[in-house]
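What follows is the content of structure23.cif (mmCIF, C-alpha atoms).
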```
data_final
loop_
_atom_site.group_PDB
_atom_site.id
_atom_site.type_symbol
_atom_site.label_atom_id
_atom_site.label_comp_id
_atom_site.auth_asym_id
_atom_site.auth_seq_id
_atom_site.Cartn_x
_atom_site.Cartn_y
_atom_site.Cartn_z
ATOM 1 C CA GLY A 1 0.000 0.000 0.000
ATOM 2 C CA ARG A 2 0.920 3.668 -0.055
ATOM 3 C CA GLY A 3 3.595 4.655 2.390
ATOM 4 C CA GLU A 4 4.918 1.112 2.685
ATOM 5 C CA GLU A 5 8.665 0.986 3.121
ATOM 6 C CA ALA A 6 10.668 -0.327 0.186
ATOM 7 C CA SER A 7 12.352 -2.975 2.338
ATOM 8 C CA THR A 8 8.961 -4.282 3.498
ATOM 9 C CA ARG A 9 7.688 -4.389 -0.073
ATOM 10 C CA ARG A 10 10.787 -6.271 -1.232
ATOM 11 C CA ARG A 11 10.382 -8.836 1.547
ATOM 12 C CA ARG A 12 6.753 -9.408 0.645
ATOM 13 C CA ILE A 13 7.543 -9.855 -3.046
ATOM 14 C CA PHE A 14 10.479 -12.122 -2.226
ATOM 15 C CA SER A 15 8.309 -14.307 0.041
ATOM 16 C CA ILE A 16 6.030 -14.933 -2.962
ATOM 17 C CA ALA A 17 8.639 -15.155 -5.708
ATOM 18 C CA LEU A 18 11.018 -17.534 -3.911
ATOM 19 C CA PRO A 19 8.653 -20.516 -3.453
ATOM 20 C CA VAL A 20 7.150 -20.003 -6.927
ATOM 21 C CA GLY A 21 10.588 -19.888 -8.525
ATOM 22 C CA LEU A 22 11.931 -22.860 -6.567
ATOM 23 C CA ASN A 23 8.824 -24.871 -7.393
ATOM 24 C CA ALA A 24 9.297 -24.186 -11.100
ATOM 25 C CA LEU A 25 13.034 -24.956 -10.977
ATOM 26 C CA LEU A 26 12.956 -28.076 -8.805
ATOM 27 C CA GLY A 27 9.749 -29.335 -10.425
ATOM 28 C CA ASN A 28 11.348 -29.141 -13.864
ATOM 29 C CA LEU A 29 14.439 -30.907 -12.545
ATOM 30 C CA LEU A 30 12.339 -33.718 -11.075
ATOM 31 C CA GLY A 31 10.394 -34.025 -14.326
ATOM 32 C CA ALA A 32 13.577 -34.092 -16.388
ATOM 33 C CA ALA A 33 15.143 -36.706 -14.109
ATOM 34 C CA ASN A 34 12.019 -38.841 -14.335
ATOM 35 C CA SER A 35 11.925 -38.597 -18.139
ATOM 36 C CA ALA A 36 15.612 -39.473 -18.402
ATOM 37 C CA LEU A 37 15.353 -42.435 -16.038
ATOM 38 C CA ILE A 38 12.288 -44.157 -17.507
ATOM 39 C CA PRO A 39 13.969 -45.534 -20.677
ATOM 40 C CA GLN A 40 17.020 -46.574 -18.651
ATOM 41 C CA LYS A 41 14.900 -48.412 -16.103
ATOM 42 C CA LEU A 42 12.924 -50.115 -18.869
ATOM 43 C CA VAL A 43 16.195 -51.395 -20.305
ATOM 44 C CA GLU A 44 17.196 -52.641 -16.849
ATOM 45 C CA GLY A 45 13.922 -54.566 -16.767
ATOM 46 C CA GLY A 46 14.861 -56.413 -19.950
ATOM 47 C CA ALA A 47 13.371 -54.252 -22.680
ATOM 48 C CA ASP A 48 15.274 -53.498 -25.858
ATOM 49 C CA ARG A 49 16.564 -49.924 -25.960
ATOM 50 C CA SER A 50 14.518 -48.924 -28.989
ATOM 51 C CA ALA A 51 11.422 -50.581 -27.523
ATOM 52 C CA ALA A 52 11.996 -48.734 -24.241
ATOM 53 C CA VAL A 53 12.142 -45.376 -26.002
ATOM 54 C CA SER A 54 9.045 -46.326 -28.009
ATOM 55 C CA GLN A 55 7.042 -47.238 -24.894
ATOM 56 C CA PHE A 56 8.072 -44.015 -23.185
ATOM 57 C CA GLY A 57 7.135 -41.982 -26.255
ATOM 58 C CA VAL A 58 3.722 -43.614 -26.596
ATOM 59 C CA VAL A 59 2.718 -42.818 -22.997
ATOM 60 C CA CYS A 60 4.365 -39.437 -22.405
ATOM 61 C CA GLY A 61 4.544 -38.103 -25.956
ATOM 62 C CA MET A 62 1.265 -39.358 -27.384
ATOM 63 C CA THR A 63 -1.316 -40.495 -24.822
ATOM 64 C CA MET A 64 -0.887 -37.686 -22.291
ATOM 65 C CA PRO A 65 -0.871 -34.850 -24.881
ATOM 66 C CA MET A 66 -3.904 -36.379 -26.584
ATOM 67 C CA LEU A 67 -5.807 -36.466 -23.285
ATOM 68 C CA SER A 68 -4.931 -32.844 -22.594
ATOM 69 C CA LEU A 69 -6.569 -31.624 -25.826
ATOM 70 C CA PRO A 70 -10.113 -31.163 -24.438
ATOM 71 C CA ILE A 71 -9.001 -29.277 -21.309
ATOM 72 C CA VAL A 72 -7.097 -26.342 -22.765
ATOM 73 C CA PHE A 73 -9.589 -24.046 -21.002
ATOM 74 C CA LEU A 74 -8.057 -24.780 -17.597
ATOM 75 C CA GLY A 75 -5.174 -22.332 -17.900
ATOM 76 C CA ALA A 76 -7.549 -19.512 -18.796
ATOM 77 C CA LEU A 77 -9.797 -20.383 -15.857
ATOM 78 C CA ASN A 78 -6.884 -20.240 -13.432
ATOM 79 C CA LEU A 79 -5.659 -16.994 -14.970
ATOM 80 C CA VAL A 80 -9.032 -15.376 -14.349
ATOM 81 C CA MET A 81 -9.570 -16.863 -10.904
ATOM 82 C CA MET A 82 -6.297 -16.043 -9.160
ATOM 83 C CA PRO A 83 -6.463 -12.204 -9.143
ATOM 84 C CA ARG A 84 -10.069 -12.310 -7.979
ATOM 85 C CA LEU A 85 -9.154 -14.615 -5.130
ATOM 86 C CA ALA A 86 -6.233 -12.376 -4.220
ATOM 87 C CA ARG A 87 -8.537 -9.343 -4.196
ATOM 88 C CA ALA A 88 -11.135 -11.068 -2.038
ATOM 89 C CA CYS A 89 -8.435 -12.211 0.359
ATOM 90 C CA ALA A 90 -6.850 -8.738 0.538
ATOM 91 C CA LEU A 91 -10.241 -7.141 1.242
ATOM 92 C CA ASN A 92 -10.974 -9.782 3.908
ATOM 93 C CA ARG A 93 -14.003 -11.281 2.186
ATOM 94 C CA PRO A 94 -13.852 -14.968 3.186
ATOM 95 C CA ALA A 95 -17.367 -15.750 1.954
ATOM 96 C CA GLU A 96 -16.515 -14.478 -1.533
ATOM 97 C CA THR A 97 -13.270 -16.462 -1.496
ATOM 98 C CA ARG A 98 -15.107 -19.678 -0.678
ATOM 99 C CA ARG A 99 -17.761 -18.992 -3.309
ATOM 100 C CA LEU A 100 -15.173 -18.429 -6.044
ATOM 101 C CA ILE A 101 -13.263 -21.601 -5.182
ATOM 102 C CA SER A 102 -16.424 -23.711 -5.027
ATOM 103 C CA GLN A 103 -17.604 -22.382 -8.402
ATOM 104 C CA ALA A 104 -14.231 -23.089 -9.993
ATOM 105 C CA ILE A 105 -14.118 -26.670 -8.669
ATOM 106 C CA SER A 106 -17.652 -27.332 -9.917
ATOM 107 C CA ALA A 107 -16.856 -25.918 -13.354
ATOM 108 C CA VAL A 108 -13.686 -27.992 -13.696
ATOM 109 C CA SER A 109 -15.467 -31.206 -12.644
ATOM 110 C CA LEU A 110 -18.413 -30.616 -14.969
ATOM 111 C CA LEU A 111 -16.134 -30.012 -17.940
ATOM 112 C CA THR A 112 -13.225 -32.358 -17.261
ATOM 113 C CA LEU A 113 -14.974 -35.597 -16.302
ATOM 114 C CA PRO A 114 -17.105 -35.957 -19.465
ATOM 115 C CA CYS A 115 -14.103 -35.003 -21.600
ATOM 116 C CA MET A 116 -12.038 -37.807 -20.056
ATOM 117 C CA ALA A 117 -14.922 -40.286 -20.371
ATOM 118 C CA PHE A 118 -15.255 -39.451 -24.067
ATOM 119 C CA MET A 119 -11.489 -39.714 -24.622
ATOM 120 C CA VAL A 120 -11.480 -43.184 -23.072
ATOM 121 C CA VAL A 121 -14.099 -44.226 -25.636
ATOM 122 C CA VAL A 122 -12.556 -42.748 -28.786
ATOM 123 C CA GLY A 123 -8.924 -42.568 -27.599
ATOM 124 C CA PRO A 124 -7.594 -45.732 -29.286
ATOM 125 C CA ASP A 125 -9.046 -44.760 -32.669
ATOM 126 C CA LEU A 126 -8.011 -41.135 -32.223
ATOM 127 C CA GLY A 127 -4.504 -42.223 -31.304
ATOM 128 C CA ARG A 128 -4.216 -44.379 -34.397
ATOM 129 C CA ALA A 129 -5.472 -41.508 -36.544
ATOM 130 C CA MET A 130 -3.132 -38.925 -34.996
ATOM 131 C CA PHE A 131 0.036 -40.960 -34.407
ATOM 132 C CA HIS A 132 -0.433 -44.156 -36.448
ATOM 133 C CA GLN A 133 0.416 -46.066 -33.289
ATOM 134 C CA GLU A 134 -1.534 -48.994 -31.834
ATOM 135 C CA GLY A 135 -0.304 -48.703 -28.250
ATOM 136 C CA VAL A 136 -1.790 -45.266 -27.504
ATOM 137 C CA GLY A 137 -4.846 -46.744 -25.800
ATOM 138 C CA GLU A 138 -3.011 -49.223 -23.581
ATOM 139 C CA TYR A 139 -3.040 -47.092 -20.396
ATOM 140 C CA LEU A 140 -5.822 -44.773 -21.474
ATOM 141 C CA MET A 141 -8.191 -45.272 -18.543
ATOM 142 C CA PRO A 142 -5.718 -44.757 -15.657
ATOM 143 C CA LEU A 143 -4.086 -41.837 -17.475
ATOM 144 C CA ALA A 144 -7.514 -40.269 -18.033
ATOM 145 C CA CYS A 145 -8.034 -40.502 -14.267
ATOM 146 C CA VAL A 146 -4.634 -38.883 -13.783
ATOM 147 C CA MET A 147 -5.567 -36.057 -16.120
ATOM 148 C CA ALA A 148 -8.893 -35.467 -14.351
ATOM 149 C CA MET A 149 -7.173 -35.390 -10.954
ATOM 150 C CA SER A 150 -4.488 -33.086 -12.346
ATOM 151 C CA CYS A 151 -7.180 -30.611 -13.383
ATOM 152 C CA GLY A 152 -8.612 -30.630 -9.883
ATOM 153 C CA THR A 153 -5.154 -30.240 -8.396
ATOM 154 C CA SER A 154 -4.428 -27.333 -10.722
ATOM 155 C CA VAL A 155 -7.505 -25.343 -9.709
ATOM 156 C CA LEU A 156 -6.914 -26.055 -6.014
ATOM 157 C CA ALA A 157 -3.263 -25.024 -6.307
ATOM 158 C CA CYS A 158 -4.401 -21.850 -8.044
ATOM 159 C CA ALA A 159 -6.763 -21.211 -5.136
ATOM 160 C CA LEU A 160 -3.923 -21.657 -2.652
ATOM 161 C CA ASN A 161 -1.751 -19.260 -4.632
ATOM 162 C CA GLY A 162 -4.609 -16.770 -4.706
ATOM 163 C CA VAL A 163 -4.911 -16.754 -0.918
ATOM 164 C CA GLY A 164 -1.169 -16.427 -0.387
ATOM 165 C CA ARG A 165 -0.131 -20.040 0.228
ATOM 166 C CA GLN A 166 2.690 -20.221 -2.337
ATOM 167 C CA ARG A 167 4.981 -22.185 -0.018
ATOM 168 C CA THR A 168 2.287 -24.797 0.526
ATOM 169 C CA VAL A 169 1.763 -25.218 -3.212
ATOM 170 C CA ALA A 170 5.506 -25.613 -3.766
ATOM 171 C CA ALA A 171 5.808 -28.215 -0.997
ATOM 172 C CA ILE A 172 2.864 -30.251 -2.316
ATOM 173 C CA SER A 173 4.074 -30.106 -5.904
ATOM 174 C CA LEU A 174 7.589 -31.213 -5.008
ATOM 175 C CA THR A 175 6.208 -33.995 -2.805
ATOM 176 C CA GLY A 176 4.167 -35.327 -5.709
ATOM 177 C CA GLY A 177 7.160 -35.152 -8.038
ATOM 178 C CA THR A 178 9.286 -37.033 -5.535
ATOM 179 C CA VAL A 179 6.668 -39.768 -5.146
ATOM 180 C CA GLN A 180 6.505 -40.162 -8.930
ATOM 181 C CA LEU A 181 10.285 -40.445 -9.130
ATOM 182 C CA CYS A 182 10.321 -43.088 -6.371
ATOM 183 C CA PHE A 183 7.760 -45.167 -8.261
ATOM 184 C CA THR A 184 9.855 -44.894 -11.408
ATOM 185 C CA LEU A 185 13.000 -46.027 -9.608
ATOM 186 C CA ALA A 186 11.277 -48.872 -7.750
ATOM 187 C CA LEU A 187 8.728 -50.321 -10.176
ATOM 188 C CA VAL A 188 9.714 -49.560 -13.771
ATOM 189 C CA PRO A 189 12.833 -51.836 -13.706
ATOM 190 C CA LEU A 190 10.812 -54.830 -12.468
ATOM 191 C CA PRO A 191 10.305 -57.502 -15.157
ATOM 192 C CA GLY A 192 6.732 -57.539 -16.347
ATOM 193 C CA VAL A 193 5.938 -54.119 -14.884
ATOM 194 C CA GLY A 194 7.676 -51.528 -17.051
ATOM 195 C CA MET A 195 5.570 -48.503 -17.967
ATOM 196 C CA ALA A 196 2.768 -49.762 -15.731
ATOM 197 C CA GLY A 197 4.994 -48.744 -12.821
ATOM 198 C CA TYR A 198 5.216 -45.203 -14.156
ATOM 199 C CA VAL A 199 1.449 -45.059 -14.646
ATOM 200 C CA ALA A 200 0.912 -46.330 -11.079
ATOM 201 C CA GLY A 201 3.244 -43.606 -9.852
ATOM 202 C CA ALA A 202 1.318 -40.980 -11.809
ATOM 203 C CA VAL A 203 -1.958 -42.137 -10.241
ATOM 204 C CA ALA A 204 -0.499 -42.237 -6.717
ATOM 205 C CA SER A 205 1.356 -38.918 -6.909
ATOM 206 C CA THR A 206 -1.558 -37.037 -8.496
ATOM 207 C CA ALA A 207 -4.046 -38.441 -5.981
ATOM 208 C CA LEU A 208 -1.703 -37.415 -3.159
ATOM 209 C CA GLU A 209 -1.347 -33.887 -4.525
ATOM 210 C CA LEU A 210 -5.104 -33.582 -4.983
ATOM 211 C CA GLY A 211 -5.817 -34.707 -1.429
ATOM 212 C CA LEU A 212 -3.170 -32.440 0.093
ATOM 213 C CA CYS A 213 -4.312 -29.422 -1.925
ATOM 214 C CA LEU A 214 -7.943 -29.950 -0.922
ATOM 215 C CA TRP A 215 -6.957 -30.329 2.731
ATOM 216 C CA GLN A 216 -4.924 -27.135 2.656
ATOM 217 C CA VAL A 217 -7.662 -25.174 0.860
ATOM 218 C CA VAL A 218 -10.177 -26.231 3.512
ATOM 219 C CA ARG A 219 -7.739 -25.235 6.254
ATOM 220 C CA ALA A 220 -6.899 -21.889 4.693
ATOM 221 C CA THR A 221 -10.393 -20.760 3.700
ATOM 222 C CA GLY A 222 -12.886 -22.801 5.713
ATOM 223 C CA LEU A 223 -14.347 -24.132 2.450
ATOM 224 C CA GLU A 224 -17.153 -26.653 2.895
ATOM 225 C CA ILE A 225 -16.542 -29.845 0.923
ATOM 226 C CA GLN A 226 -19.443 -30.668 -1.409
ATOM 227 C CA PRO A 227 -18.824 -34.239 -2.626
ATOM 228 C CA PHE A 228 -22.115 -34.584 -4.491
ATOM 229 C CA ARG A 229 -21.838 -31.320 -6.402
ATOM 230 C CA TRP A 230 -18.122 -31.588 -7.110
ATOM 231 C CA MET A 231 -17.692 -35.292 -7.781
ATOM 232 C CA ALA A 232 -20.684 -37.627 -7.446
ATOM 233 C CA ALA A 233 -23.139 -35.893 -9.805
ATOM 234 C CA PRO A 234 -20.716 -35.137 -12.685
ATOM 235 C CA GLY A 235 -18.875 -38.428 -12.118
ATOM 236 C CA LEU A 236 -22.009 -40.569 -12.340
ATOM 237 C CA ALA A 237 -23.290 -38.622 -15.342
ATOM 238 C CA ALA A 238 -19.920 -38.917 -17.094
ATOM 239 C CA ALA A 239 -19.726 -42.649 -16.347
ATOM 240 C CA LEU A 240 -23.205 -43.215 -17.793
ATOM 241 C CA ALA A 241 -22.432 -41.149 -20.878
ATOM 242 C CA GLY A 242 -19.101 -42.930 -21.329
ATOM 243 C CA LEU A 243 -20.515 -46.447 -21.016
ATOM 244 C CA VAL A 244 -23.430 -45.808 -23.354
ATOM 245 C CA GLY A 245 -21.185 -43.867 -25.723
ATOM 246 C CA ASN A 246 -18.724 -46.760 -25.817
ATOM 247 C CA LEU A 247 -21.512 -49.148 -26.795
ATOM 248 C CA LEU A 248 -22.836 -46.759 -29.438
ATOM 249 C CA PHE A 249 -19.369 -46.145 -30.871
ATOM 250 C CA ARG A 250 -18.724 -49.865 -31.256
ATOM 251 C CA VAL A 251 -22.125 -50.483 -32.843
ATOM 252 C CA LEU A 252 -21.637 -47.660 -35.330
ATOM 253 C CA LYS A 253 -18.174 -48.902 -36.308
ATOM 254 C CA ASP A 254 -19.395 -52.496 -36.628
ATOM 255 C CA SER A 255 -22.165 -51.286 -38.919
ATOM 256 C CA GLY A 256 -19.535 -49.957 -41.346
ATOM 257 C CA MET A 257 -19.321 -46.306 -40.330
ATOM 258 C CA SER A 258 -15.826 -44.812 -40.334
ATOM 259 C CA PRO A 259 -14.350 -43.710 -36.961
ATOM 260 C CA VAL A 260 -14.681 -39.946 -37.585
ATOM 261 C CA PRO A 261 -18.460 -39.733 -38.190
ATOM 262 C CA ALA A 262 -18.987 -42.468 -35.610
ATOM 263 C CA GLY A 263 -17.033 -40.434 -33.078
ATOM 264 C CA LEU A 264 -18.934 -37.235 -33.857
ATOM 265 C CA ALA A 265 -22.274 -39.013 -33.525
ATOM 266 C CA THR A 266 -21.137 -40.568 -30.258
ATOM 267 C CA LEU A 267 -20.008 -37.168 -28.992
ATOM 268 C CA ALA A 268 -23.373 -35.556 -29.741
ATOM 269 C CA PHE A 269 -25.376 -38.379 -28.175
ATOM 270 C CA SER A 270 -23.098 -38.606 -25.115
ATOM 271 C CA LEU A 271 -23.320 -34.855 -24.525
ATOM 272 C CA VAL A 272 -27.109 -34.924 -24.540
ATOM 273 C CA LEU A 273 -27.113 -37.956 -22.245
ATOM 274 C CA TYR A 274 -24.614 -36.309 -19.885
ATOM 275 C CA LEU A 275 -26.688 -33.144 -19.581
ATOM 276 C CA ALA A 276 -29.855 -35.191 -19.068
ATOM 277 C CA ALA A 277 -28.159 -37.231 -16.324
ATOM 278 C CA LEU A 278 -27.048 -34.043 -14.602
ATOM 279 C CA GLN A 279 -30.578 -32.630 -14.838
ATOM 280 C CA ALA A 280 -32.003 -35.833 -13.369
ATOM 281 C CA GLN A 281 -29.702 -35.409 -10.357
ATOM 282 C CA GLY A 282 -30.819 -31.832 -9.842
ATOM 283 C CA VAL A 283 -27.679 -30.213 -11.255
ATOM 284 C CA LYS A 284 -28.238 -27.483 -13.825
ATOM 285 C CA ALA A 285 -25.112 -27.264 -15.928
ATOM 286 C CA ARG A 286 -25.819 -23.739 -17.170
ATOM 287 C CA GLU A 287 -26.057 -22.368 -13.632
ATOM 288 C CA ALA A 288 -23.052 -24.341 -12.418
ATOM 289 C CA LEU A 289 -20.894 -23.080 -15.308
ATOM 290 C CA ARG A 290 -22.013 -19.473 -14.956
ATOM 291 C CA LEU A 291 -18.993 -18.139 -13.098
ATOM 292 C CA ASP A 292 -20.290 -14.994 -11.423
ATOM 293 C CA TRP A 293 -16.943 -13.265 -11.029
#
```
What would the structure in this file look like if it were written as structure tokens?
Amino acid sequence: GRGEEASTRRRRIFSIALPVGLNALLGNLLGAANSALIPQKLVEGGADRSAAVSQFGVVCGMTMPMLSLPIVFLGALNLVMMPRLARACALNRPAETRRLISQAISAVSLLTLPCMAFMVVVGPDLGRAMFHQEGVGEYLMPLACVMAMSCGTSVLACALNGVGRQRTVAAISLTGGTVQLCFTLALVPLPGVGMAGYVAGAVASTALELGLCLWQVVRATGLEIQPFRWMAAPGLAAALAGLVGNLLFRVLKDSGMSPVPAGLATLAFSLVLYLAALQAQGVKAREALRLDW
């Protein structure tokens, strides 16, 4: 504020910049170490070197980027949310802070879960079309769960940053990266495990980060957990849409329809079914997605 001493201002900025910078630096180092170790550990487990690089590329260079395609909105959501949270926190408006966080979590769940359900259905065909690679769908379901949890973790971490908990976010992020690295070192070299060990580590580390972020958000803001609104309603609707969409997609392909029109028809039908399932549970998607910021 006005009249604040320069030394005080520098300390405040430094207390924010240091954990953010260290998180970016050490997080990138952990990610780089993990990426470098996976092919080596696959070779230790008996895989051929070229096959090891191929397996690593299919999971980390094809499947994960493909799953991230429908959720490009998340960065924009976080970009809009953080300054509003910071303003509400600075003006000592805890009720507004909790409302913003709850709205953001609901929006992410409503958008992310059906996207991941749809990608599980069409992912193998989409992977073959995009990369001409058969193995893209091998770990599609657990990696879709990882991506959905990562979206939740991202919005919760953004909330923690918005209320001034940068050190907490850095600690949680580095803890998750360390857990992933431990799984890579311990499981990937085991014969018969291979990339499944990396996927298990991704599930475990992301679930840990999600749980820790939610716990810290509740502690910092007094947010009331709403399991039905955040998870049960969109999760059940997405599961129904995904299961029925999977059946429809297979029937359409077996009837001679090519994957592209079959996928588009499945998308349209699954979207209508998803919205109907939400409506049947008393959740109005339009109201839940109307972010009153």
Practice prompt. Using all atoms listed in the file, find all polymer residues with an atom at most 12 Å away from the point (16.5, -54.0, -9.1); report them as JSON, numbers by chain.
Written response: {"A": [41, 42, 43, 44, 45, 46, 184, 185, 186, 187, 188, 189, 190, 191]}
Discussion item. Can you spell out as an MDAnalysis selection string the set of residues that the PyMOL selection byres ((chain A and resi 214) around 12) selects in the structure I just provided?
Written reply: chainID A and resid 101:102 105 149 152:160 168:169 172 207:213 215:227
Worksheet item: Could you list as number ranges by chain every residue that has an atom within 12 Å of (-3.4, -48.1, -31.2), using the file's coordinates and counting all atoms listed in the file?
Response: A: 58-59, 62-63, 122-140
Worksheet item: With distances taken over only C-alpha atoms, which of A:Leu248, A:Met147, A:Leu267, A:Leu113 is nearest to Leu236 in chain A?
Response: A:Leu113
Worksheet item: Quick one: of A:Gln166, A:Gln55, A:Asn78, A:Ser255, who's nearest to Gly21 in chain A, counting all atoms listed in the file?
Response: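 Looking at the shortest contact to Gly21 in chain A, the residue is A:Gln166.
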Practice prompt. Taking the file as shown, find all residues satisfying the PyMOL selection byres ((chain A and resi 275-291) around 12) and write them as a PyMOL selection string.
Written response: chain A and resi 77+80-81+84+99-111+114+228-242+268-274+292-293
Put those residues in a file: C-alpha atoms, as a PDB file, in the frame of the given file.
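selection27.pdb, freshly written:
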```pdb
ATOM      1  CA  LEU A  77      -9.797 -20.383 -15.857  1.00  0.00           C
ATOM      2  CA  VAL A  80      -9.032 -15.376 -14.349  1.00  0.00           C
ATOM      3  CA  MET A  81      -9.570 -16.863 -10.904  1.00  0.00           C
ATOM      4  CA  ARG A  84     -10.069 -12.310  -7.979  1.00  0.00           C
ATOM      5  CA  ARG A  99     -17.761 -18.992  -3.309  1.00  0.00           C
ATOM      6  CA  LEU A 100     -15.173 -18.429  -6.044  1.00  0.00           C
ATOM      7  CA  ILE A 101     -13.263 -21.601  -5.182  1.00  0.00           C
ATOM      8  CA  SER A 102     -16.424 -23.711  -5.027  1.00  0.00           C
ATOM      9  CA  GLN A 103     -17.604 -22.382  -8.402  1.00  0.00           C
ATOM     10  CA  ALA A 104     -14.231 -23.089  -9.993  1.00  0.00           C
ATOM     11  CA  ILE A 105     -14.118 -26.670  -8.669  1.00  0.00           C
ATOM     12  CA  SER A 106     -17.652 -27.332  -9.917  1.00  0.00           C
ATOM     13  CA  ALA A 107     -16.856 -25.918 -13.354  1.00  0.00           C
ATOM     14  CA  VAL A 108     -13.686 -27.992 -13.696  1.00  0.00           C
ATOM     15  CA  SER A 109     -15.467 -31.206 -12.644  1.00  0.00           C
ATOM     16  CA  LEU A 110     -18.413 -30.616 -14.969  1.00  0.00           C
ATOM     17  CA  LEU A 111     -16.134 -30.012 -17.940  1.00  0.00           C
ATOM     18  CA  PRO A 114     -17.105 -35.957 -19.465  1.00  0.00           C
ATOM     19  CA  PHE A 228     -22.115 -34.584  -4.491  1.00  0.00           C
ATOM     20  CA  ARG A 229     -21.838 -31.320  -6.402  1.00  0.00           C
ATOM     21  CA  TRP A 230     -18.122 -31.588  -7.110  1.00  0.00           C
ATOM     22  CA  MET A 231     -17.692 -35.292  -7.781  1.00  0.00           C
ATOM     23  CA  ALA A 232     -20.684 -37.627  -7.446  1.00  0.00           C
ATOM     24  CA  ALA A 233     -23.139 -35.893  -9.805  1.00  0.00           C
ATOM     25  CA  PRO A 234     -20.716 -35.137 -12.685  1.00  0.00           C
ATOM     26  CA  GLY A 235     -18.875 -38.428 -12.118  1.00  0.00           C
ATOM     27  CA  LEU A 236     -22.009 -40.569 -12.340  1.00  0.00           C
ATOM     28  CA  ALA A 237     -23.290 -38.622 -15.342  1.00  0.00           C
ATOM     29  CA  ALA A 238     -19.920 -38.917 -17.094  1.00  0.00           C
ATOM     30  CA  ALA A 239     -19.726 -42.649 -16.347  1.00  0.00           C
ATOM     31  CA  LEU A 240     -23.205 -43.215 -17.793  1.00  0.00           C
ATOM     32  CA  ALA A 241     -22.432 -41.149 -20.878  1.00  0.00           C
ATOM     33  CA  GLY A 242     -19.101 -42.930 -21.329  1.00  0.00           C
ATOM     34  CA  ALA A 268     -23.373 -35.556 -29.741  1.00  0.00           C
ATOM     35  CA  PHE A 269     -25.376 -38.379 -28.175  1.00  0.00           C
ATOM     36  CA  SER A 270     -23.098 -38.606 -25.115  1.00  0.00           C
ATOM     37  CA  LEU A 271     -23.320 -34.855 -24.525  1.00  0.00           C
ATOM     38  CA  VAL A 272     -27.109 -34.924 -24.540  1.00  0.00           C
ATOM     39  CA  LEU A 273     -27.113 -37.956 -22.245  1.00  0.00           C
ATOM     40  CA  TYR A 274     -24.614 -36.309 -19.885  1.00  0.00           C
ATOM     41  CA  ASP A 292     -20.290 -14.994 -11.423  1.00  0.00           C
ATOM     42  CA  TRP A 293     -16.943 -13.265 -11.029  1.00  0.00           C
TER      43      TRP A 293
END
```
Worksheet item: Could you write out as a list in words the residues that the PyMOL selection byres ((chain A and resi 27) around 10) matches in the shown file?
Response: Gly21, Leu22, Asn23, Ala24, Leu25, Leu26, Asn28, Leu29, Leu30, Gly31, Ala32, Ala33, Ala170, Ser173, Leu174, Thr175, Gly176, Gly177 and Thr178 of chain A
Given the selection you just returned, output its residues as a file containing C-alpha atoms, formatted as a compact mmCIF listing (two decimals), in the coordinates of the input.
```txt
# COMPACT_ATOMS: atom_id res chain seq x y z
CA GLY A 21 10.59 -19.89 -8.52
CA LEU A 22 11.93 -22.86 -6.57
CA ASN A 23 8.82 -24.87 -7.39
CA ALA A 24 9.30 -24.19 -11.10
CA LEU A 25 13.03 -24.96 -10.98
CA LEU A 26 12.96 -28.08 -8.80
CA ASN A 28 11.35 -29.14 -13.86
CA LEU A 29 14.44 -30.91 -12.54
CA LEU A 30 12.34 -33.72 -11.08
CA GLY A 31 10.39 -34.02 -14.33
CA ALA A 32 13.58 -34.09 -16.39
CA ALA A 33 15.14 -36.71 -14.11
CA ALA A 170 5.51 -25.61 -3.77
CA SER A 173 4.07 -30.11 -5.90
CA LEU A 174 7.59 -31.21 -5.01
CA THR A 175 6.21 -33.99 -2.80
CA GLY A 176 4.17 -35.33 -5.71
CA GLY A 177 7.16 -35.15 -8.04
CA THR A 178 9.29 -37.03 -5.54
```
Fill in: For Thr112 in chain A, the nearest of the candidates A:Leu69, A:Met257, A:Cys89, A:Met82, counting only C-alpha atoms
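The closest residue to Thr112 in chain A is A:Leu69.
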Worksheet item: Mind pulling up the distance from CA of Val20 in chain A to CA of Thr206 in chain A?
Response: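 Interatomic distance here is 19.2 Å.
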Item to complete: Quick one: pull the distance between CA of Val203 in chain A and CA of Asn161 in chain A, Å, one decimal.
Response: 23.6 Å
Worksheet item: Between A:Leu181, A:Val53, A:Ala148, A:Ala200, which has the minimum distance to Ile71 in chain A (counting all atoms listed in the file)?
Response: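 The closest residue to Ile71 in chain A is A:Ala148.
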